[in-house]
file data_34.cif (mmCIF, C-alpha atoms, pLDDT in the B column; chains and numbers go by the auth columns)
data_work
#
loop_
_atom_site.group_PDB
_atom_site.id
_atom_site.type_symbol
_atom_site.label_atom_id
_atom_site.label_comp_id
_atom_site.label_asym_id
_atom_site.label_seq_id
_atom_site.Cartn_x
_atom_site.Cartn_y
_atom_site.Cartn_z
_atom_site.B_iso_or_equiv
_atom_site.auth_seq_id
_atom_site.auth_asym_id
ATOM 1 C CA GLN A 1 -19.836 8.582 -6.972 55.00 212 A
ATOM 2 C CA PRO A 2 -17.358 11.476 -6.698 58.00 213 A
ATOM 3 C CA ALA A 3 -14.944 12.165 -9.549 70.00 214 A
ATOM 4 C CA GLU A 4 -11.459 10.706 -9.114 78.00 215 A
ATOM 5 C CA ARG A 5 -8.702 13.139 -8.233 80.00 216 A
ATOM 6 C CA PRO A 6 -5.358 11.728 -9.495 75.00 217 A
ATOM 7 C CA GLY A 7 -3.417 14.348 -7.493 83.00 218 A
ATOM 8 C CA THR A 8 -4.551 12.609 -4.293 90.00 219 A
ATOM 9 C CA ARG A 9 -3.113 9.214 -5.239 93.00 220 A
ATOM 10 C CA GLY A 10 -1.358 7.662 -2.253 94.00 221 A
ATOM 11 C CA MET A 11 -2.299 10.476 0.154 95.00 222 A
ATOM 12 C CA PRO A 12 -3.496 9.148 3.528 97.00 223 A
ATOM 13 C CA GLY A 13 -7.276 9.398 3.771 97.00 224 A
ATOM 14 C CA ALA A 14 -7.872 9.872 0.035 96.00 225 A
ATOM 15 C CA GLU A 15 -10.304 7.482 -1.612 96.00 226 A
ATOM 16 C CA LEU A 16 -8.547 4.741 -3.571 96.00 227 A
ATOM 17 C CA LEU A 17 -8.365 5.419 -7.302 95.00 228 A
ATOM 18 C CA SER A 18 -9.696 2.809 -9.722 93.00 229 A
ATOM 19 C CA VAL A 19 -6.211 2.343 -11.262 91.00 230 A
ATOM 20 C CA ASP A 20 -5.000 1.013 -7.892 94.00 231 A
ATOM 21 C CA ARG A 21 -7.995 -1.218 -7.079 93.00 232 A
ATOM 22 C CA GLU A 22 -6.790 -3.998 -9.384 91.00 233 A
ATOM 23 C CA ARG A 23 -3.344 -3.847 -7.744 93.00 234 A
ATOM 24 C CA LEU A 24 -4.655 -4.712 -4.261 96.00 235 A
ATOM 25 C CA SER A 25 -3.395 -7.810 -2.518 95.00 236 A
ATOM 26 C CA VAL A 26 -4.018 -9.152 0.986 94.00 237 A
ATOM 27 C CA GLN A 27 -0.730 -10.349 2.516 94.00 238 A
ATOM 28 C CA PRO A 28 -1.197 -10.203 6.303 93.00 239 A
ATOM 29 C CA GLN A 29 1.945 -12.162 7.161 90.00 240 A
ATOM 30 C CA ARG A 30 4.430 -10.051 5.210 90.00 241 A
ATOM 31 C CA ARG A 31 6.687 -7.517 6.891 90.00 242 A
ATOM 32 C CA PHE A 32 5.551 -3.918 6.705 94.00 243 A
ATOM 33 C CA LEU A 33 7.891 -0.956 6.664 92.00 244 A
ATOM 34 C CA ALA A 34 7.455 2.611 7.902 93.00 245 A
ATOM 35 C CA SER A 35 6.109 4.970 5.200 94.00 246 A
ATOM 36 C CA GLU A 36 4.759 2.096 3.101 96.00 247 A
ATOM 37 C CA VAL A 37 1.609 3.046 1.193 96.00 248 A
ATOM 38 C CA ILE A 38 -1.256 0.643 1.987 97.00 249 A
ATOM 39 C CA ALA A 39 -5.034 0.558 1.552 98.00 250 A
ATOM 40 C CA PHE A 40 -7.679 0.074 4.236 98.00 251 A
ATOM 41 C CA ARG A 41 -11.464 0.192 4.550 97.00 252 A
ATOM 42 C CA ASP A 42 -12.848 3.068 6.585 96.00 253 A
ATOM 43 C CA ASP A 43 -15.828 2.666 8.938 95.00 254 A
ATOM 44 C CA GLY A 44 -18.173 3.136 5.966 97.00 255 A
ATOM 45 C CA GLY A 45 -16.444 0.403 3.929 97.00 256 A
ATOM 46 C CA VAL A 46 -14.752 2.843 1.528 97.00 257 A
ATOM 47 C CA LEU A 47 -11.253 1.871 0.373 97.00 258 A
ATOM 48 C CA ARG A 48 -8.745 4.590 1.268 97.00 259 A
ATOM 49 C CA TYR A 49 -4.980 5.107 1.114 97.00 260 A
ATOM 50 C CA GLY A 50 -2.941 5.041 4.283 98.00 261 A
ATOM 51 C CA THR A 51 0.724 4.881 5.213 97.00 262 A
ATOM 52 C CA VAL A 52 2.395 2.730 7.822 97.00 263 A
ATOM 53 C CA ALA A 53 3.663 4.929 10.658 97.00 264 A
ATOM 54 C CA GLU A 54 4.946 1.985 12.744 95.00 265 A
ATOM 55 C CA ALA A 55 4.983 -1.796 12.387 93.00 266 A
ATOM 56 C CA SER A 56 5.836 -4.509 14.880 90.00 267 A
ATOM 57 C CA GLN A 57 5.681 -8.280 14.465 79.00 268 A
ATOM 58 C CA VAL A 58 3.289 -10.061 16.832 71.00 269 A
ATOM 59 C CA ALA A 59 5.437 -12.019 19.269 53.00 270 A
ATOM 60 C CA GLY A 60 5.607 -15.780 18.893 50.00 271 A
ATOM 61 C CA GLY A 61 4.027 -16.007 15.467 53.00 272 A
ATOM 62 C CA ASN A 62 0.495 -16.127 16.872 50.00 273 A
ATOM 63 C CA ASP A 63 -2.427 -16.200 14.496 49.00 274 A
ATOM 64 C CA ILE A 64 -5.440 -13.910 14.809 50.00 275 A
ATOM 65 C CA ASP A 65 -7.016 -16.203 17.446 54.00 276 A
ATOM 66 C CA GLY A 66 -3.866 -16.060 19.574 55.00 277 A
ATOM 67 C CA ARG A 67 -2.841 -19.653 18.804 56.00 278 A
ATOM 68 C CA SER A 68 0.887 -20.152 18.419 53.00 279 A
ATOM 69 C CA SER A 69 2.150 -21.284 15.048 52.00 280 A
ATOM 70 C CA GLU A 70 5.799 -22.223 14.706 53.00 281 A
ATOM 71 C CA ASN A 71 5.683 -22.198 10.888 52.00 282 A
ATOM 72 C CA SER A 72 3.971 -18.831 10.581 54.00 283 A
ATOM 73 C CA PRO A 73 5.666 -15.450 10.868 64.00 284 A
ATOM 74 C CA GLY A 74 2.423 -14.145 12.388 82.00 285 A
ATOM 75 C CA LEU A 75 0.548 -10.922 11.935 90.00 286 A
ATOM 76 C CA SER A 76 1.903 -7.445 12.510 92.00 287 A
ATOM 77 C CA ARG A 77 0.519 -4.677 14.663 94.00 288 A
ATOM 78 C CA LEU A 78 0.456 -1.501 12.621 96.00 289 A
ATOM 79 C CA VAL A 79 -0.011 2.162 13.373 97.00 290 A
ATOM 80 C CA VAL A 80 -1.522 3.514 10.162 98.00 291 A
ATOM 81 C CA ARG A 81 -1.700 7.181 9.154 98.00 292 A
ATOM 82 C CA THR A 82 -5.322 7.312 7.989 97.00 293 A
ATOM 83 C CA LYS A 83 -5.331 11.024 7.147 95.00 294 A
ATOM 84 C CA LYS A 84 -3.288 14.115 7.924 93.00 295 A
ATOM 85 C CA GLY A 85 -2.739 14.287 11.676 94.00 296 A
ATOM 86 C CA GLU A 86 -4.626 11.057 12.420 97.00 297 A
ATOM 87 C CA VAL A 87 -3.334 7.532 13.088 97.00 298 A
ATOM 88 C CA LYS A 88 -5.157 4.308 13.889 97.00 299 A
ATOM 89 C CA SER A 89 -3.950 1.022 15.322 97.00 300 A
ATOM 90 C CA MET A 90 -4.628 -1.947 13.013 96.00 301 A
ATOM 91 C CA VAL A 91 -3.616 -5.562 12.541 95.00 302 A
ATOM 92 C CA SER A 92 -1.962 -6.499 9.232 95.00 303 A
ATOM 93 C CA SER A 93 -5.008 -8.573 8.243 94.00 304 A
ATOM 94 C CA GLN A 94 -6.999 -5.296 8.105 96.00 305 A
ATOM 95 C CA VAL A 95 -4.872 -3.680 5.398 97.00 306 A
ATOM 96 C CA MET A 96 -4.079 -4.365 1.757 97.00 307 A
ATOM 97 C CA VAL A 97 -0.860 -3.829 -0.152 96.00 308 A
ATOM 98 C CA PHE A 98 -0.251 -3.029 -3.812 95.00 309 A
ATOM 99 C CA LYS A 99 1.129 -5.547 -6.290 91.00 310 A
ATOM 100 C CA PRO A 100 3.978 -4.095 -8.369 86.00 311 A
ATOM 101 C CA THR A 101 2.640 -2.421 -11.514 73.00 312 A
ATOM 102 C CA THR A 102 4.704 -4.730 -13.721 68.00 313 A
ATOM 103 C CA GLN A 103 2.737 -7.755 -12.427 55.00 314 A
ATOM 104 C CA VAL A 104 -0.577 -6.021 -13.097 52.00 315 A
ATOM 105 C CA ARG A 105 0.583 -4.794 -16.516 56.00 316 A
ATOM 106 C CA ALA A 106 1.626 -8.331 -17.513 58.00 317 A
ATOM 107 C CA ALA A 107 -1.806 -9.623 -16.496 57.00 318 A
ATOM 108 C CA ALA A 108 -3.399 -6.852 -18.596 54.00 319 A
ATOM 109 C CA GLY A 109 -1.385 -7.794 -21.687 57.00 320 A
ATOM 110 C CA GLY A 110 1.254 -5.075 -21.306 55.00 321 A
ATOM 111 C CA LYS A 111 -1.222 -2.180 -21.235 51.00 322 A
ATOM 112 C CA ARG A 112 -0.073 0.823 -19.184 50.00 323 A
ATOM 113 C CA LEU A 113 -2.550 1.248 -16.353 46.00 324 A
ATOM 114 C CA GLY A 114 -1.668 4.700 -15.099 45.00 325 A
ATOM 115 C CA SER A 115 1.052 6.544 -13.254 40.00 326 A
ATOM 116 C CA ARG A 116 1.540 8.979 -10.420 40.00 327 A
ATOM 117 C CA ASP A 117 2.788 11.658 -12.777 38.00 328 A
ATOM 118 C CA ASN A 118 3.550 11.924 -16.492 33.00 329 A
ATOM 119 C CA ASP A 119 7.234 10.935 -16.416 31.00 330 A
ATOM 120 C CA ASP A 120 7.577 8.392 -13.624 33.00 331 A
ATOM 121 C CA GLU A 121 5.806 5.198 -12.735 36.00 332 A
ATOM 122 C CA ALA A 122 5.294 4.767 -8.996 38.00 333 A
ATOM 123 C CA ILE A 123 5.642 1.244 -7.660 35.00 334 A
ATOM 124 C CA TRP A 124 4.652 0.744 -4.057 52.00 335 A
ATOM 125 C CA SER A 125 5.882 -2.402 -2.412 51.00 336 A
ATOM 126 C CA GLY A 126 8.091 -3.283 0.479 48.00 337 A
ATOM 127 C CA GLY A 127 7.739 0.120 2.058 42.00 338 A
ATOM 128 C CA ALA A 128 9.986 2.230 -0.157 42.00 339 A
ATOM 129 C CA GLU A 129 8.467 4.056 -3.063 43.00 340 A
ATOM 130 C CA LYS A 130 10.419 3.106 -6.126 45.00 341 A
ATOM 131 C CA ARG A 131 10.283 4.955 -9.413 43.00 342 A
ATOM 132 C CA GLN A 132 11.282 4.111 -12.925 44.00 343 A
ATOM 133 C CA ASP A 133 12.369 6.870 -15.268 45.00 344 A
ATOM 134 C CA ALA A 134 11.598 6.828 -18.991 45.00 345 A
ATOM 135 C CA ASN A 135 14.734 4.701 -19.585 46.00 346 A
ATOM 136 C CA GLY A 136 13.592 2.040 -17.079 47.00 347 A
ATOM 137 C CA ALA A 137 16.224 2.918 -14.456 47.00 348 A
ATOM 138 C CA ALA A 138 14.832 2.348 -10.953 46.00 349 A
ATOM 139 C CA SER A 139 15.575 4.512 -7.935 41.00 350 A
ATOM 140 C CA THR A 140 14.049 5.147 -4.536 41.00 351 A
ATOM 141 C CA ALA A 141 12.582 8.491 -3.527 41.00 352 A
ATOM 142 C CA ALA A 142 15.606 9.024 -1.242 40.00 353 A
ATOM 143 C CA GLU A 143 18.015 8.571 -4.142 40.00 354 A
ATOM 144 C CA GLN A 144 16.076 11.091 -6.198 40.00 355 A
ATOM 145 C CA SER A 145 16.295 13.755 -3.527 37.00 356 A
ATOM 146 C CA VAL A 146 20.124 13.657 -3.426 36.00 357 A
#

call {"tool": "encode", "arguments": {"input": "data_34.cif", "output": "structure tokens"}}
result
Amino acid sequence: QPAERPGTRGMPGAELLSVDRERLSVQPQRRFLASEVIAFRDDGGVLRYGTVAEASQVAGGNDIDGRSSENSPGLSRLVVRTKKGEVKSMVSSQVMVFKPTTQVRAAAGGKRLGSRDNDDEAIWSGGAEKRQDANGAASTAAEQSV
């Protein structure tokens, strides 16, 4: 098995790092947002990072078999950036999302599981990358670039 390369964390097409494997969650009926970091299995079954390029709700709340369900928000059709310059059409049941690190940390007894860089903790959920600084103040990547 190849050595993990932390600098590739979250990059479309990069193999999923072990620190993120325990954060995976299948939530096919949630809403996906553009630029959201997700995970998918490539044709060889390897878990890789991807980002949502486009997302659209399946009309009528149909399930995977096309049956209408009034109580279900339905699946989403996604265009996923699978690596630089390459996108693939997927259904939301084919991708996985990341549980917030705080949920995983609580399950691990408060142990820090890893971070994207030394100072900030990246939390991927709901499409916007959120960061917490050393004081616990949260901000989005857009707020940090101002």

call {"tool": "residues_around", "arguments": {"input": "data_34.cif", "residues": "Ala250 of chain A", "least_positions_apart": "3", "cutoff": "7 Å", "atoms": "all atoms listed in the file", "output": "short mmCIF file (atom, residue, chain, number, x, y, z; two decimals) with C-alpha atoms, in the coordinates of the input"}}
result
data_model
loop_
_atom_site.label_atom_id
_atom_site.label_comp_id
_atom_site.auth_asym_id
_atom_site.auth_seq_id
_atom_site.Cartn_x
_atom_site.Cartn_y
_atom_site.Cartn_z
CA LEU A 258 -11.25 1.87 0.37
CA ARG A 259 -8.74 4.59 1.27
CA TYR A 260 -4.98 5.11 1.11
CA GLY A 261 -2.94 5.04 4.28
CA VAL A 306 -4.87 -3.68 5.40
CA MET A 307 -4.08 -4.36 1.76
CA VAL A 308 -0.86 -3.83 -0.15
#

call {"tool": "resolve_selection", "arguments": {"input": "data_34.cif", "expression": "the PyMOL selection byres ((chain A and resi 294) around 8)", "output": "CSV table (one decimal) with C-alpha atoms, keeping the file's coordinate frame"}}
result
chain,number,residue,atom,x,y,z
A,222,MET,CA,-2.3,10.5,0.2
A,223,PRO,CA,-3.5,9.1,3.5
A,224,GLY,CA,-7.3,9.4,3.8
A,225,ALA,CA,-7.9,9.9,0.0
A,261,GLY,CA,-2.9,5.0,4.3
A,292,ARG,CA,-1.7,7.2,9.2
A,293,THR,CA,-5.3,7.3,8.0
A,295,LYS,CA,-3.3,14.1,7.9
A,296,GLY,CA,-2.7,14.3,11.7
A,297,GLU,CA,-4.6,11.1,12.4
A,298,VAL,CA,-3.3,7.5,13.1

call {"tool": "closest_residue", "arguments": {"input": "data_34.cif", "among": "A:Gly221, A:Glu215, A:Glu226, A:Ser267", "to": "Arg252 of chain A", "atoms": "all atoms listed in the file"}}
result
A:Glu226

call {"tool": "residues_near_point", "arguments": {"input": "data_34.cif", "point": "(-0.2, -0.1, 14.8)", "cutoff": "12 Å", "atoms": "all atoms listed in the file", "output": "PyMOL selection string"}}
result
chain A and resi 243-245+262-269+286-293+298-306

call {"tool": "residues_around", "arguments": {"input": "data_34.cif", "residues": "Arg234 of chain A", "least_positions_apart": "3", "cutoff": "6 Å", "atoms": "only C-alpha atoms", "output": "tab-separated table (two decimals) with C-alpha atoms, in the coordinates of the input"}}
result
chain	number	residue	atom	x	y	z
A	231	ASP	CA	-5.00	1.01	-7.89
A	309	PHE	CA	-0.25	-3.03	-3.81
A	310	LYS	CA	1.13	-5.55	-6.29

call {"tool": "atom_distance", "arguments": {"input": "data_34.cif", "atom1": "atom CA of Glu233 of chain A", "atom2": "atom CA of Asp254 of chain A"}}
result
21.5 Å

call {"tool": "axis_aligned_box", "arguments": {"input": "data_34.cif", "around": "segment 253-263 of chain A", "padding_each_side": "3 Å", "output": "lines of an AutoDock Vina configuration file"}}
result
center_x = -7.9
center_y = 2.8
center_z = 4.7
size_x = 26.6
size_y = 10.7
size_z = 14.6

call {"tool": "atom_distance", "arguments": {"input": "data_34.cif", "atom1": "atom CA of Phe251 of chain A", "atom2": "atom CA of Arg216 of chain A"}}
result
18.1 Å

call {"tool": "atom_distance", "arguments": {"input": "data_34.cif", "atom1": "atom CA of Arg241 of chain A", "atom2": "atom CA of Gly255 of chain A"}}
result
26.2 Å
